[in-house]
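As provided, my_file.pdb (PDB, C-alpha atoms) reads as follows.
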```pdb
ATOM      1  CA  MET A  69     -65.258  12.803 -15.218
ATOM      2  CA  ASP A  70     -68.890  13.126 -16.187
ATOM      3  CA  SER A  71     -71.559  10.947 -14.610
ATOM      4  CA  LYS A  72     -72.075   8.908 -17.793
ATOM      5  CA  GLN A  73     -68.389   7.951 -17.861
ATOM      6  CA  SER A  74     -68.432   7.316 -14.118
ATOM      7  CA  ARG A  75     -71.387   4.914 -14.484
ATOM      8  CA  ALA A  76     -69.595   3.118 -17.321
ATOM      9  CA  ASN A  77     -66.468   2.723 -15.185
ATOM     10  CA  LYS A  78     -68.489   1.384 -12.248
ATOM     11  CA  ARG A  79     -70.212  -1.092 -14.549
ATOM     12  CA  LYS A  80     -66.850  -2.169 -15.985
ATOM     13  CA  GLY A  81     -65.485  -2.657 -12.456
ATOM     14  CA  ALA A  82     -68.542  -4.626 -11.325
ATOM     15  CA  THR A  83     -68.304  -6.895 -14.361
ATOM     16  CA  TRP A  84     -64.611  -7.533 -13.624
ATOM     17  CA  GLU A  85     -65.403  -8.417 -10.005
ATOM     18  CA  THR A  86     -68.128 -10.842 -11.101
ATOM     19  CA  ASP A  87     -65.765 -12.408 -13.643
ATOM     20  CA  LEU A  88     -63.189 -12.942 -10.888
ATOM     21  CA  VAL A  89     -65.737 -14.592  -8.591
ATOM     22  CA  GLU A  90     -66.758 -16.964 -11.391
ATOM     23  CA  TYR A  91     -63.105 -17.719 -12.187
ATOM     24  CA  PHE A  92     -62.296 -18.598  -8.568
ATOM     25  CA  ARG A  93     -65.410 -20.769  -8.284
ATOM     26  CA  GLU A  94     -64.410 -22.628 -11.447
ATOM     27  CA  LYS A  95     -60.999 -23.207  -9.826
ATOM     28  CA  GLU A  96     -62.850 -24.641  -6.794
ATOM     29  CA  PHE A  97     -62.106 -21.900  -4.299
ATOM     30  CA  ASN A  98     -64.968 -22.059  -1.850
ATOM     31  CA  PRO A  99     -66.222 -19.799  -0.465
ATOM     32  CA  VAL A 100     -65.640 -16.751  -2.627
ATOM     33  CA  GLU A 101     -67.883 -13.700  -2.462
ATOM     34  CA  ARG A 102     -68.117 -10.136  -3.704
ATOM     35  CA  LEU A 103     -68.166  -7.448  -1.058
ATOM     36  CA  ARG A 104     -70.369  -4.364  -0.920
ATOM     37  CA  LEU A 105     -68.957  -0.852  -0.879
ATOM     38  CA  SER A 106     -68.722   0.427   2.677
ATOM     39  CA  GLY A 107     -67.525   4.001   2.187
ATOM     40  CA  THR A 108     -64.508   4.789   4.358
ATOM     41  CA  SER A 109     -64.738   1.270   5.817
ATOM     42  CA  ASP A 110     -64.491  -0.461   2.433
ATOM     43  CA  GLU A 111     -63.325  -4.069   2.797
ATOM     44  CA  GLY A 112     -62.082  -4.824  -0.715
ATOM     45  CA  ASP A 113     -63.980  -6.088  -3.729
ATOM     46  CA  LEU A 114     -64.108  -9.798  -2.932
ATOM     47  CA  TRP A 115     -62.749 -12.375  -0.542
ATOM     48  CA  LEU A 116     -61.991 -16.048  -0.787
ATOM     49  CA  TRP A 117     -60.689 -18.924   1.291
ATOM     50  CA  ALA A 118     -57.382 -20.456   0.167
ATOM     51  CA  PRO A 119     -57.334 -23.938   1.711
ATOM     52  CA  ASP A 120     -53.740 -24.789   0.757
ATOM     53  CA  ILE A 121     -52.453 -21.991   2.982
ATOM     54  CA  ALA A 122     -55.455 -21.986   5.344
ATOM     55  CA  SER A 123     -56.001 -18.275   4.932
ATOM     56  CA  PHE A 124     -58.488 -15.737   3.695
ATOM     57  CA  ILE A 125     -57.517 -13.541   0.762
ATOM     58  CA  VAL A 126     -59.059 -10.107   0.314
ATOM     59  CA  VAL A 127     -58.944  -8.899  -3.290
ATOM     60  CA  GLU A 128     -58.895  -5.379  -4.645
ATOM     61  CA  ALA A 129     -59.950  -5.831  -8.292
ATOM     62  CA  LYS A 130     -58.706  -3.308 -10.847
ATOM     63  CA  ASN A 131     -59.812  -2.924 -14.444
ATOM     64  CA  GLU A 132     -58.010   0.243 -15.512
ATOM     65  CA  LYS A 133     -55.816   1.238 -18.442
ATOM     66  CA  SER A 134     -52.923   2.561 -16.385
ATOM     67  CA  PHE A 135     -51.435   0.746 -13.417
ATOM     68  CA  LYS A 136     -51.040   2.595 -10.116
ATOM     69  CA  LEU A 137     -49.315  -0.110  -8.114
ATOM     70  CA  GLY A 138     -48.415   1.838  -4.966
ATOM     71  CA  PRO A 139     -51.858   3.367  -4.391
ATOM     72  CA  TRP A 140     -53.585   0.076  -5.259
ATOM     73  CA  VAL A 141     -51.510  -1.946  -2.788
ATOM     74  CA  GLU A 142     -52.015   0.697  -0.099
ATOM     75  CA  GLU A 143     -55.773   0.564  -0.722
ATOM     76  CA  ALA A 144     -55.738  -3.243  -0.445
ATOM     77  CA  SER A 145     -53.735  -3.059   2.809
ATOM     78  CA  ILE A 146     -56.221  -0.650   4.390
ATOM     79  CA  GLU A 147     -59.226  -2.625   3.194
ATOM     80  CA  VAL A 148     -57.932  -5.965   4.507
ATOM     81  CA  LYS A 149     -57.634  -4.372   7.961
ATOM     82  CA  ASN A 150     -61.264  -3.218   7.682
ATOM     83  CA  TRP A 151     -62.272  -6.730   6.597
ATOM     84  CA  MET A 152     -60.486  -8.373   9.546
ATOM     85  CA  LYS A 153     -61.832  -5.841  12.049
ATOM     86  CA  LYS A 154     -65.428  -6.384  10.981
ATOM     87  CA  ARG A 155     -65.099 -10.183  11.192
ATOM     88  CA  LYS A 156     -62.703 -10.345  14.140
ATOM     89  CA  SER A 157     -60.747 -12.612  11.804
ATOM     90  CA  SER A 158     -57.281 -14.036  11.832
ATOM     91  CA  PRO A 159     -54.913 -12.318   9.387
ATOM     92  CA  ALA A 160     -55.993 -12.209   5.772
ATOM     93  CA  ILE A 161     -53.817 -11.623   2.737
ATOM     94  CA  PRO A 162     -54.340  -8.399   0.779
ATOM     95  CA  ILE A 163     -53.825  -8.679  -2.977
ATOM     96  CA  VAL A 164     -54.626  -6.639  -6.046
ATOM     97  CA  ILE A 165     -55.755  -8.402  -9.213
ATOM     98  CA  ALA A 166     -55.319  -6.198 -12.255
ATOM     99  CA  LYS A 167     -56.944  -7.072 -15.550
ATOM    100  CA  ARG A 168     -54.458  -7.609 -18.344
ATOM    101  CA  ARG A 169     -55.592  -6.103 -21.620
ATOM    102  CA  GLN A 170     -56.177  -8.479 -24.547
ATOM    103  CA  HIS A 171     -55.612 -11.587 -22.404
ATOM    104  CA  GLY A 172     -57.857 -14.088 -20.694
ATOM    105  CA  ILE A 173     -58.663 -13.743 -17.020
ATOM    106  CA  GLY A 174     -56.063 -16.357 -16.031
ATOM    107  CA  LYS A 175     -53.327 -14.075 -17.399
ATOM    108  CA  SER A 176     -54.266 -11.199 -15.080
ATOM    109  CA  PHE A 177     -51.667  -9.750 -12.729
ATOM    110  CA  VAL A 178     -51.622 -10.511  -9.000
ATOM    111  CA  ILE A 179     -49.894  -7.755  -7.056
ATOM    112  CA  MET A 180     -48.773  -7.806  -3.430
ATOM    113  CA  GLU A 181     -45.969  -6.464  -1.281
ATOM    114  CA  LEU A 182     -42.816  -8.577  -1.038
ATOM    115  CA  ASP A 183     -43.209  -8.929   2.745
ATOM    116  CA  THR A 184     -46.695 -10.371   2.213
ATOM    117  CA  PHE A 185     -45.401 -12.749  -0.450
ATOM    118  CA  THR A 186     -42.644 -14.100   1.823
ATOM    119  CA  GLU A 187     -45.167 -14.673   4.631
ATOM    120  CA  VAL A 188     -47.436 -16.615   2.279
ATOM    121  CA  VAL A 189     -44.568 -18.773   1.071
ATOM    122  CA  LYS A 190     -43.545 -19.532   4.670
ATOM    123  CA  TRP A 191     -47.132 -20.567   5.532
ATOM    124  CA  LYS A 192     -47.079 -23.122   2.738
ATOM    125  CA  GLN A 193     -43.873 -24.803   3.994
TER     126      GLN A 193
END
```

Is it possible to express this structure as structure tokens?
Amino acid sequence: MDSKQSRANKRKGATWETDLVEYFREKEFNPVERLRLSGTSDEGDLWLWAPDIASFIVVEAKNEKSFKLGPWVEEASIEVKNWMKKRKSSPAIPIVIAKRRQHGIGKSFVIMELDTFTEVVKWKQ
């Protein structure tokens, strides 16, 4: 990939992350913030507080043509551990939000492992 294409992809990813932050703020999730790249200690693309389940959610945002679910979920799982370690935080939920082509942001896909999903559902009960 040449540097011009790489810059375009980074810009596309940054725009998607900003769009997600604005979406969550409109839906009254507070706080929600973008995260900075941290190299091998990357902590995801953004995090938010989900008051209904009293938990932090760490988001890996993806704006790509092809879906790579396994690698994306693995990346999110590693990054949530980095996020918790840095903050000495209680468990946070790792999710991937993948942009859905030709649909509004609210129709994006939220991807997580089944074990994570069942834990979240139990917390809500």

Which residues fall under the PyMOL selection byres ((chain A and resi 155-171) around 7) in this file, as a list in words?
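Evaluating the PyMOL selection byres ((chain A and resi 155-171) around 7) on these coordinates yields Ser123, Phe124, Ile125, Val126, Val127, Glu128, Ala129, Lys130, Asn131, Trp140, Val141, Ala144, Ser145, Val148, Trp151, Met152, Lys153, Lys154, Gly172, Ile173, Lys175, Ser176, Phe177, Val178, Ile179 and Met180 of chain A.
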
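Of note, atom CA of A:Glu147 and atom CA of A:Arg104 are spaced 12.0 Å apart.
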
Fewer than 4 positions away in the same chain doesn't count, so skip those; otherwise give me all residues within 12 Å of A:Lys80, counting all atoms listed in the file, as a VMD selection string.
chain A and resid 73 to 76 84 to 87 129 to 133 167

I'd like the residues picked by the PyMOL selection byres ((chain A and resi 100) around 8) written out as a VMD selection string, using the chain letters and numbers from the file.
chain A and resid 89 92 to 93 97 to 99 101 to 102 114 to 117

Atom CA of A:Glu187 and atom CA of A:Pro119, how far apart in Å?
15.6 Å

Taking all atoms of stretch 151-159 of chain A that appear in the file, build a box with edges along x, y and z, extend it by 8 Å on every side, and state its centre and edge lengths in Å to one decimal, as AutoDock Vina command-line options.
```
--center_x -60.2 --center_y -9.9 --center_z 10.4 --size_x 26.5 --size_y 24.2 --size_z 23.5
```

Using atom CA of A:Thr184 and atom CA of A:Asp120 as the two end points, give the distance in Å to one decimal.
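Here the two named atoms are 16.1 Å from each other.
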
Using only C-alpha atoms for the distances, tell me which of A:Lys72, A:Lys149, A:Lys95, A:Lys78 is nearest to A:Asp110.
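The shortest atom-to-atom distance to A:Asp110 comes from A:Lys149.
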
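Closest approach to A:Ser109 from the set A:Leu182, A:Ala122, A:Val189, A:Ile146 is made by A:Ile146, with distances taken over all atoms listed in the file.
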
Taking all atoms listed in the file into account, which of A:Pro139, A:Thr108, A:Gly174, A:Ile121 comes nearest A:Leu88?
A:Gly174

With only C-alpha atoms as the atoms that count, which of A:Leu137, A:Ala82, A:Ala118, A:Val188 lies nearest to A:Leu103?
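That would be A:Ala82, the residue with the smallest distance to A:Leu103.
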